[in-house]
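File shown here: protein-v4.cif, holding mmCIF, C-alpha atoms and all ligand atoms; chains and numbers go by the auth columns.
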```
data_protein
#
loop_
_atom_site.group_PDB
_atom_site.id
_atom_site.type_symbol
_atom_site.label_atom_id
_atom_site.label_comp_id
_atom_site.label_asym_id
_atom_site.label_seq_id
_atom_site.Cartn_x
_atom_site.Cartn_y
_atom_site.Cartn_z
_atom_site.B_iso_or_equiv
_atom_site.auth_seq_id
_atom_site.auth_asym_id
ATOM 1 C CA GLU A 1 1.653 -18.206 1.212 0.00 90 A
ATOM 2 C CA LEU A 2 -0.234 -15.485 -0.667 0.00 91 A
ATOM 3 C CA LEU A 3 -3.974 -15.754 -0.106 0.00 92 A
ATOM 4 C CA ARG A 4 -5.320 -13.188 -2.583 0.00 93 A
ATOM 5 C CA VAL A 5 -4.851 -9.682 -3.926 0.00 94 A
ATOM 6 C CA ASP A 6 -5.622 -7.332 -1.030 0.00 95 A
ATOM 7 C CA HIS A 7 -5.447 -3.964 -2.752 0.00 96 A
ATOM 8 C CA VAL A 8 -3.780 -1.897 -5.429 0.00 97 A
ATOM 9 C CA GLY A 9 -2.273 1.389 -4.237 0.00 98 A
ATOM 10 C CA ILE A 10 -2.391 4.547 -6.321 0.00 99 A
ATOM 11 C CA ALA A 11 -0.366 7.628 -5.454 0.00 100 A
ATOM 12 C CA VAL A 12 -2.346 10.858 -5.694 0.00 101 A
ATOM 13 C CA ALA A 13 -1.454 14.454 -4.877 0.00 102 A
ATOM 14 C CA ASP A 14 -4.805 15.412 -3.335 0.00 103 A
ATOM 15 C CA LEU A 15 -6.874 12.796 -1.493 0.00 104 A
ATOM 16 C CA ASP A 16 -10.194 14.658 -1.537 0.00 105 A
ATOM 17 C CA GLU A 17 -9.946 15.407 -5.239 0.00 106 A
ATOM 18 C CA ALA A 18 -9.053 11.757 -5.993 0.00 107 A
ATOM 19 C CA LYS A 19 -11.943 10.450 -3.867 0.00 108 A
ATOM 20 C CA ARG A 20 -14.314 12.680 -5.823 0.00 109 A
ATOM 21 C CA PHE A 21 -12.879 11.488 -9.153 0.00 110 A
ATOM 22 C CA TYR A 22 -13.253 7.793 -8.253 0.00 111 A
ATOM 23 C CA ALA A 23 -16.773 8.307 -6.900 0.00 112 A
ATOM 24 C CA GLU A 24 -18.041 10.339 -9.842 0.00 113 A
ATOM 25 C CA THR A 25 -16.211 8.418 -12.579 0.00 114 A
ATOM 26 C CA PHE A 26 -16.341 4.814 -11.365 0.00 115 A
ATOM 27 C CA GLY A 27 -18.948 4.864 -8.595 0.00 116 A
ATOM 28 C CA MET A 28 -16.481 3.597 -5.988 0.00 117 A
ATOM 29 C CA ARG A 29 -17.234 4.247 -2.334 0.00 118 A
ATOM 30 C CA VAL A 30 -14.854 4.921 0.529 0.00 119 A
ATOM 31 C CA VAL A 31 -14.998 2.099 3.090 0.00 120 A
ATOM 32 C CA HIS A 32 -12.117 3.258 5.315 0.00 121 A
ATOM 33 C CA GLU A 33 -9.973 6.339 5.707 0.00 122 A
ATOM 34 C CA GLU A 34 -7.050 7.170 7.973 0.00 123 A
ATOM 35 C CA THR A 35 -3.749 8.982 8.341 0.00 124 A
ATOM 36 C CA ASN A 36 -0.731 6.734 8.951 0.00 125 A
ATOM 37 C CA GLU A 37 1.873 8.989 10.576 0.00 126 A
ATOM 38 C CA GLU A 38 4.675 6.432 10.418 0.00 127 A
ATOM 39 C CA GLN A 39 4.197 5.943 6.666 0.00 128 A
ATOM 40 C CA GLY A 40 3.533 9.650 6.076 0.00 129 A
ATOM 41 C CA VAL A 41 0.306 8.980 4.164 0.00 130 A
ATOM 42 C CA ARG A 42 -3.325 9.968 4.104 0.00 131 A
ATOM 43 C CA GLU A 43 -5.170 7.024 2.641 0.00 132 A
ATOM 44 C CA ALA A 44 -8.639 5.994 1.558 0.00 133 A
ATOM 45 C CA MET A 45 -9.764 2.433 0.806 0.00 134 A
ATOM 46 C CA LEU A 46 -12.341 2.146 -1.960 0.00 135 A
ATOM 47 C CA ALA A 47 -14.709 -0.767 -2.582 0.00 136 A
ATOM 48 C CA VAL A 48 -15.092 -1.801 -6.214 0.00 137 A
ATOM 49 C CA GLY A 49 -18.484 -2.960 -7.504 0.00 138 A
ATOM 50 C CA ASP A 50 -20.152 -5.287 -5.001 0.00 139 A
ATOM 51 C CA GLY A 51 -17.178 -4.861 -2.666 0.00 140 A
ATOM 52 C CA ALA A 52 -16.329 -8.571 -2.647 0.00 141 A
ATOM 53 C CA GLY A 53 -12.986 -8.247 -4.441 0.00 142 A
ATOM 54 C CA PRO A 54 -9.721 -6.390 -3.854 0.00 143 A
ATOM 55 C CA ARG A 55 -9.822 -2.741 -2.935 0.00 144 A
ATOM 56 C CA VAL A 56 -8.270 0.329 -4.491 0.00 145 A
ATOM 57 C CA GLN A 57 -6.190 2.356 -2.034 0.00 146 A
ATOM 58 C CA LEU A 58 -5.631 6.056 -2.679 0.00 147 A
ATOM 59 C CA LEU A 59 -2.382 7.281 -1.108 0.00 148 A
ATOM 60 C CA ALA A 60 -1.635 10.973 -0.642 0.00 149 A
ATOM 61 C CA PRO A 61 1.489 12.374 1.016 0.00 150 A
ATOM 62 C CA ALA A 62 1.131 13.645 4.578 0.00 151 A
ATOM 63 C CA ARG A 63 4.731 14.919 4.624 0.00 152 A
ATOM 64 C CA PRO A 64 7.118 16.179 1.946 0.00 153 A
ATOM 65 C CA ASP A 65 9.801 13.564 2.866 0.00 154 A
ATOM 66 C CA SER A 66 7.443 10.537 2.655 0.00 155 A
ATOM 67 C CA ALA A 67 7.603 7.593 0.239 0.00 156 A
ATOM 68 C CA ILE A 68 4.488 8.833 -1.580 0.00 157 A
ATOM 69 C CA ALA A 69 5.836 12.388 -1.894 0.00 158 A
ATOM 70 C CA LYS A 70 9.042 11.007 -3.392 0.00 159 A
ATOM 71 C CA PHE A 71 7.084 8.780 -5.789 0.00 160 A
ATOM 72 C CA LEU A 72 5.003 11.768 -6.965 0.00 161 A
ATOM 73 C CA ASP A 73 8.115 13.935 -7.384 0.00 162 A
ATOM 74 C CA ARG A 74 9.746 11.270 -9.518 0.00 163 A
ATOM 75 C CA GLY A 75 6.967 10.324 -11.911 0.00 164 A
ATOM 76 C CA GLY A 76 3.703 11.955 -10.923 0.00 165 A
ATOM 77 C CA PRO A 77 0.542 10.119 -9.864 0.00 166 A
ATOM 78 C CA GLY A 78 -0.072 6.474 -10.753 0.00 167 A
ATOM 79 C CA LEU A 79 0.141 2.854 -9.607 0.00 168 A
ATOM 80 C CA GLN A 80 2.534 2.676 -6.657 0.00 169 A
ATOM 81 C CA GLN A 81 2.085 -0.786 -5.134 0.00 170 A
ATOM 82 C CA LEU A 82 0.412 -4.197 -5.361 0.00 171 A
ATOM 83 C CA ALA A 83 -0.611 -5.692 -2.011 0.00 172 A
ATOM 84 C CA TYR A 84 -1.316 -9.347 -1.212 0.00 173 A
ATOM 85 C CA THR A 85 -3.194 -10.692 1.795 0.00 174 A
ATOM 86 C CA VAL A 86 -1.153 -13.185 3.821 0.00 175 A
ATOM 87 C CA ALA A 87 -2.020 -15.213 6.903 0.00 176 A
ATOM 88 C CA ASP A 88 1.306 -14.589 8.649 0.00 177 A
ATOM 89 C CA VAL A 89 3.407 -11.642 7.502 0.00 178 A
ATOM 90 C CA GLU A 90 6.522 -12.757 9.407 0.00 179 A
ATOM 91 C CA ALA A 91 6.433 -16.263 7.931 0.00 180 A
ATOM 92 C CA THR A 92 5.893 -14.966 4.387 0.00 181 A
ATOM 93 C CA ALA A 93 8.649 -12.375 4.778 0.00 182 A
ATOM 94 C CA ALA A 94 11.028 -15.063 6.047 0.00 183 A
ATOM 95 C CA ALA A 95 10.197 -17.356 3.128 0.00 184 A
ATOM 96 C CA LEU A 96 10.804 -14.566 0.599 0.00 185 A
ATOM 97 C CA ARG A 97 14.068 -13.552 2.309 0.00 186 A
ATOM 98 C CA ALA A 98 15.173 -17.176 2.059 0.00 187 A
ATOM 99 C CA ARG A 99 14.557 -16.927 -1.705 0.00 188 A
ATOM 100 C CA GLY A 100 16.922 -13.940 -1.838 0.00 189 A
ATOM 101 C CA LEU A 101 14.462 -11.055 -1.905 0.00 190 A
ATOM 102 C CA ARG A 102 15.032 -7.908 0.120 0.00 191 A
ATOM 103 C CA LEU A 103 12.244 -7.040 2.555 0.00 192 A
ATOM 104 C CA LEU A 104 12.133 -3.358 3.530 0.00 193 A
ATOM 105 C CA TYR A 105 11.576 -3.914 7.252 0.00 194 A
ATOM 106 C CA ASP A 106 13.183 -6.326 9.725 0.00 195 A
ATOM 107 C CA THR A 107 9.897 -6.558 11.595 0.00 196 A
ATOM 108 C CA PRO A 108 6.345 -5.787 10.418 0.00 197 A
ATOM 109 C CA ARG A 109 4.959 -2.269 10.743 0.00 198 A
ATOM 110 C CA ARG A 110 1.457 -1.002 11.219 0.00 199 A
ATOM 111 C CA GLY A 111 -0.740 -0.760 8.117 0.00 200 A
ATOM 112 C CA THR A 112 -4.326 0.117 7.370 0.00 201 A
ATOM 113 C CA ALA A 113 -6.855 -0.508 10.135 0.00 202 A
ATOM 114 C CA GLY A 114 -4.396 -2.271 12.418 0.00 203 A
ATOM 115 C CA SER A 115 -3.027 -4.677 9.800 0.00 204 A
ATOM 116 C CA ARG A 116 0.647 -5.731 9.938 0.00 205 A
ATOM 117 C CA ILE A 117 2.655 -5.003 6.807 0.00 206 A
ATOM 118 C CA ASN A 118 6.019 -5.403 5.100 0.00 207 A
ATOM 119 C CA PHE A 119 7.240 -4.708 1.557 0.00 208 A
ATOM 120 C CA VAL A 120 9.437 -6.436 -1.010 0.00 209 A
ATOM 121 C CA HIS A 121 11.883 -4.023 -2.653 0.00 210 A
ATOM 122 C CA PRO A 122 10.627 -3.219 -6.184 0.00 211 A
ATOM 123 C CA LYS A 123 14.055 -4.015 -7.646 0.00 212 A
ATOM 124 C CA ASP A 124 13.667 -7.611 -6.411 0.00 213 A
ATOM 125 C CA ALA A 125 10.128 -8.044 -7.761 0.00 214 A
ATOM 126 C CA GLY A 126 10.312 -7.015 -11.408 0.00 215 A
ATOM 127 C CA GLY A 127 9.833 -3.314 -10.770 0.00 216 A
ATOM 128 C CA VAL A 128 6.728 -3.772 -8.621 0.00 217 A
ATOM 129 C CA LEU A 129 6.570 -2.601 -5.013 0.00 218 A
ATOM 130 C CA VAL A 130 4.921 -5.633 -3.379 0.00 219 A
ATOM 131 C CA GLU A 131 3.199 -5.213 -0.014 0.00 220 A
ATOM 132 C CA LEU A 132 2.341 -8.102 2.314 0.00 221 A
ATOM 133 C CA VAL A 133 -0.729 -7.490 4.478 0.00 222 A
ATOM 134 C CA GLU A 134 -1.726 -9.574 7.488 0.00 223 A
ATOM 135 C CA PRO A 135 -5.249 -8.453 8.402 0.00 224 A
ATOM 136 C CA PRO A 136 -6.073 -7.645 12.022 0.00 225 A
ATOM 137 C CA ARG A 137 -7.574 -10.545 13.949 0.00 226 A
HETATM 138 C C1 LIG B . 10.718 3.493 -6.143 0.00 301 A
HETATM 139 N N1 LIG B . 10.977 2.689 -7.172 0.00 301 A
HETATM 140 C C2 LIG B . 9.844 2.025 -7.486 0.00 301 A
HETATM 141 C C3 LIG B . 8.875 2.470 -6.566 0.00 301 A
HETATM 142 N N2 LIG B . 9.442 3.391 -5.746 0.00 301 A
HETATM 143 N N3 LIG B . 9.564 1.103 -8.414 0.00 301 A
HETATM 144 C C4 LIG B . 8.308 0.617 -8.457 0.00 301 A
HETATM 145 N N4 LIG B . 7.327 1.009 -7.622 0.00 301 A
HETATM 146 C C5 LIG B . 7.567 1.931 -6.670 0.00 301 A
HETATM 147 N N5 LIG B . 6.603 2.317 -5.844 0.00 301 A
HETATM 148 C C6 LIG B . 12.241 2.530 -7.870 0.00 301 A
HETATM 149 C C7 LIG B . 12.893 3.841 -8.188 0.00 301 A
HETATM 150 O O1 LIG B . 12.408 4.339 -9.403 0.00 301 A
HETATM 151 C C8 LIG B . 14.344 3.459 -8.255 0.00 301 A
HETATM 152 O O2 LIG B . 14.602 2.917 -9.531 0.00 301 A
HETATM 153 C C9 LIG B . 14.467 2.332 -7.250 0.00 301 A
HETATM 154 O O3 LIG B . 13.133 1.882 -6.995 0.00 301 A
HETATM 155 C C10 LIG B . 15.091 2.671 -5.913 0.00 301 A
HETATM 156 O O4 LIG B . 14.734 3.921 -5.565 0.00 301 A
HETATM 157 P P1 LIG B . 15.365 4.598 -4.265 0.00 301 A
HETATM 158 O O5 LIG B . 15.547 6.036 -4.582 0.00 301 A
HETATM 159 O O6 LIG B . 16.486 3.823 -3.741 0.00 301 A
HETATM 160 O O7 LIG B . 14.268 4.401 -3.233 0.00 301 A
HETATM 161 P P2 LIG B . 13.084 5.343 -2.888 0.00 301 A
HETATM 162 O O8 LIG B . 13.572 6.374 -1.928 0.00 301 A
HETATM 163 O O9 LIG B . 12.376 5.779 -4.112 0.00 301 A
HETATM 164 O O10 LIG B . 12.152 4.378 -2.080 0.00 301 A
HETATM 165 C C11 LIG B . 11.550 3.289 -2.672 0.00 301 A
HETATM 166 C C12 LIG B . 10.980 2.441 -1.562 0.00 301 A
HETATM 167 C C13 LIG B . 10.075 3.334 -0.709 0.00 301 A
HETATM 168 C C14 LIG B . 10.212 1.298 -2.209 0.00 301 A
HETATM 169 C C15 LIG B . 12.130 1.869 -0.725 0.00 301 A
HETATM 170 O O11 LIG B . 9.029 3.880 -1.507 0.00 301 A
HETATM 171 C C16 LIG B . 9.467 2.633 0.460 0.00 301 A
HETATM 172 O O12 LIG B . 10.081 2.522 1.516 0.00 301 A
HETATM 173 N N6 LIG B . 8.231 2.132 0.293 0.00 301 A
HETATM 174 C C17 LIG B . 7.549 1.375 1.333 0.00 301 A
HETATM 175 C C18 LIG B . 6.626 2.238 2.131 0.00 301 A
HETATM 176 C C19 LIG B . 5.551 2.873 1.291 0.00 301 A
HETATM 177 O O13 LIG B . 5.497 2.781 0.080 0.00 301 A
HETATM 178 N N7 LIG B . 4.613 3.568 2.024 0.00 301 A
HETATM 179 C C20 LIG B . 3.485 4.224 1.416 0.00 301 A
HETATM 180 C C21 LIG B . 2.323 3.307 1.408 0.00 301 A
HETATM 181 P P3 LIG B . 15.824 3.395 -10.424 0.00 301 A
HETATM 182 O O14 LIG B . 15.544 4.820 -10.737 0.00 301 A
HETATM 183 O O15 LIG B . 17.026 3.182 -9.550 0.00 301 A
HETATM 184 O O16 LIG B . 15.763 2.480 -11.606 0.00 301 A
HETATM 185 S S1 LIG B . 1.725 2.984 3.055 0.00 301 A
HETATM 186 C C22 LIG B . 0.648 1.671 2.908 0.00 301 A
HETATM 187 O O17 LIG B . 0.639 1.045 1.773 0.00 301 A
HETATM 188 C C23 LIG B . -0.177 1.312 3.964 0.00 301 A
HETATM 189 C C24 LIG B . -0.200 2.073 5.227 0.00 301 A
HETATM 190 C C25 LIG B . -1.069 0.127 3.851 0.00 301 A
HETATM 191 O O18 LIG B . -1.277 -0.378 2.740 0.00 301 A
HETATM 192 O O19 LIG B . -1.587 -0.333 4.886 0.00 301 A
#
```
Turn this file's structure into structure tokens for me.
Ligand code: V0V
Amino acid sequence: ELLRVDHVGIAVADLDEAKRFYAETFGMRVVHEETNEEQGVREAMLAVGDGAGPRVQLLAPARPDSAIAKFLDRGGPGLQQLAYTVADVEATAAALRARGLRLLYDTPRRGTAGSRINFVHPKDAGGVLVELVEPPR
């Protein structure tokens, strides 16, 4: 059911500073940027190299009570999530639930650029917060 790695998410305190660091250090360019109010994040998607492969997603807190703010409070900046592209987020979530994993949402929520997303609880995936991403049609 997983098609490929979609992106790797990195929690950062300051989005503009992180964008500058990734541009100057690794030559990565921003291909999309938005604020997701529901998730409480400001995020930037970065293309790596020729842009053909998975992206790096910088995630900065938009609110002090958000998931990213809590992550930063606990351990500081760093890898926060691993996201896979799926064709049908509901079908994949149902299949994983049937294998005993906890999904964070009963129904998909809105992700980057109109994608539909859900997450596997990190305690059910070897300590990794796994995101499922169904791209917009
Ligand atoms: C928490 N834990 C993690 C973790 N966050 N482990 C690995 N990776 C992470 N990112 C551990 C934490 O250390 C605890 O371990 C345990 O999970 C349970 O912690 P908790 O206090 O019960 O839960 P919280 O409040 O820390 O919340 C964790 C979850 C939360 C995963 C439930 O972060 C969440 O709802 N995440 C989904 C939404 C999200 O991440 N949004 C931001 C990205 P110990 O100490 O008990 O061992 S938005 C996005 O990606 C978008 C828009 C997109 O891609 O399109």
Can you tell me which residues sit at most 8 Å away from ligand LIG 301 (chain A), counting only C-alpha atoms and all ligand atoms, written as an mmCIF file with C-alpha atoms, keeping the file's coordinate frame?
```
data_model
loop_
_atom_site.group_PDB
_atom_site.id
_atom_site.type_symbol
_atom_site.label_atom_id
_atom_site.label_comp_id
_atom_site.auth_asym_id
_atom_site.auth_seq_id
_atom_site.Cartn_x
_atom_site.Cartn_y
_atom_site.Cartn_z
ATOM 1 C CA HIS A 96 -5.447 -3.964 -2.752
ATOM 2 C CA GLY A 98 -2.273 1.389 -4.237
ATOM 3 C CA ASN A 125 -0.731 6.734 8.951
ATOM 4 C CA GLN A 128 4.197 5.943 6.666
ATOM 5 C CA GLY A 129 3.533 9.650 6.076
ATOM 6 C CA VAL A 130 0.306 8.980 4.164
ATOM 7 C CA GLU A 132 -5.170 7.024 2.641
ATOM 8 C CA GLN A 146 -6.190 2.356 -2.034
ATOM 9 C CA LEU A 148 -2.382 7.281 -1.108
ATOM 10 C CA SER A 155 7.443 10.537 2.655
ATOM 11 C CA ALA A 156 7.603 7.593 0.239
ATOM 12 C CA ILE A 157 4.488 8.833 -1.580
ATOM 13 C CA LYS A 159 9.042 11.007 -3.392
ATOM 14 C CA PHE A 160 7.084 8.780 -5.789
ATOM 15 C CA ARG A 163 9.746 11.270 -9.518
ATOM 16 C CA LEU A 168 0.141 2.854 -9.607
ATOM 17 C CA GLN A 169 2.534 2.676 -6.657
ATOM 18 C CA GLN A 170 2.085 -0.786 -5.134
ATOM 19 C CA ALA A 172 -0.611 -5.692 -2.011
ATOM 20 C CA LEU A 193 12.133 -3.358 3.530
ATOM 21 C CA ARG A 199 1.457 -1.002 11.219
ATOM 22 C CA GLY A 200 -0.740 -0.760 8.117
ATOM 23 C CA THR A 201 -4.326 0.117 7.370
ATOM 24 C CA ALA A 202 -6.855 -0.508 10.135
ATOM 25 C CA SER A 204 -3.027 -4.677 9.800
ATOM 26 C CA ARG A 205 0.647 -5.731 9.938
ATOM 27 C CA ILE A 206 2.655 -5.003 6.807
ATOM 28 C CA ASN A 207 6.019 -5.403 5.100
ATOM 29 C CA PHE A 208 7.240 -4.708 1.557
ATOM 30 C CA VAL A 209 9.437 -6.436 -1.010
ATOM 31 C CA HIS A 210 11.883 -4.023 -2.653
ATOM 32 C CA PRO A 211 10.627 -3.219 -6.184
ATOM 33 C CA LYS A 212 14.055 -4.015 -7.646
ATOM 34 C CA GLY A 216 9.833 -3.314 -10.770
ATOM 35 C CA VAL A 217 6.728 -3.772 -8.621
ATOM 36 C CA LEU A 218 6.570 -2.601 -5.013
ATOM 37 C CA GLU A 220 3.199 -5.213 -0.014
ATOM 38 C CA VAL A 222 -0.729 -7.490 4.478
#
```
Spatial neighbours of Met134 (chain A), max dist 8 Å, all atoms listed in the file, sep filter under 6 positions, as JSON, numbers by chain:
{"A": [119, 120, 121, 122, 144, 145, 146, 147]}
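In this structure, CA of Pro225 (chain A) sits 14.7 Å away from CA of Leu92 (chain A).
Of the listed residues (A:Arg188, A:Arg93, A:Arg131, A:Arg152), A:Arg131 comes nearest to Lys108 (chain A); the distances count all atoms listed in the file.
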Chain and number of each residue from the PyMOL selection byres (((chain A and resi 178) around 8) and not hetatm), as a list in words:
Val175, Ala176, Asp177, Glu179, Ala180, Thr181, Ala182, Pro197, Arg205, Ile206, Asn207, Leu221, Val222 and Glu223 of chain A
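Among A:Ala136, A:Ala158, A:Ala187, A:Glu127, the residue with the shortest atom-to-atom distance to Val101 (chain A), counting only C-alpha atoms, is A:Ala158.
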Atom-to-atom span, CA of Ala100 (chain A) and CA of Ala149 (chain A), Å
6.0 Å
Best match for closeness to Gly138 (chain A) among A:Arg191, A:Ile99, A:Leu161, A:Ala112, counting only C-alpha atoms
A:Ala112
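Among the candidate residues A:Asp103, A:Gly142, A:Val97, A:Ala151, the one lying nearest to Glu123 (chain A) is A:Ala151, with distances computed using all atoms listed in the file.
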Tell me, in Å to one decimal, how far CA of Gly140 (chain A) is from CA of Leu171 (chain A).
17.8 Å
Once 5 Å is added on each side, what centre and edge lengths in Å to one decimal does the axis-aligned box around all listed atoms of region 101-110 of chain A have, as JSON?
```
{"center_x": -7.9, "center_y": 12.9, "center_z": -5.3, "size_x": 22.9, "size_y": 15.0, "size_z": 17.7}
```
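With only C-alpha atoms as the atoms that count, the minimum distance from Arg198 (chain A) to the choices A:Phe115, A:Ala183, A:Leu104, A:Glu126 is reached by A:Glu126.
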From the block I gave, I'd like region 200-215 of chain A written with C-alpha atoms, as a CSV table (one decimal), in the first residue's frame.
```csv
chain,number,residue,atom,x,y,z
A,200,GLY,CA,-2.2,18.2,4.8
A,201,THR,CA,0.2,20.1,2.6
A,202,ALA,CA,-1.2,21.5,-0.7
A,203,GLY,CA,-4.6,19.9,-0.3
A,204,SER,CA,-3.3,16.4,0.4
A,205,ARG,CA,-5.2,14.1,2.8
A,206,ILE,CA,-3.2,12.8,5.7
A,207,ASN,CA,-3.3,10.5,8.8
A,208,PHE,CA,-0.6,9.3,11.2
A,209,VAL,CA,0.4,6.1,12.9
A,210,HIS,CA,1.2,6.6,16.6
A,211,PRO,CA,5.0,6.5,17.1
A,212,LYS,CA,4.6,4.0,19.9
A,213,ASP,CA,3.1,1.5,17.4
A,214,ALA,CA,5.8,2.1,14.8
A,215,GLY,CA,9.1,1.6,16.6
```
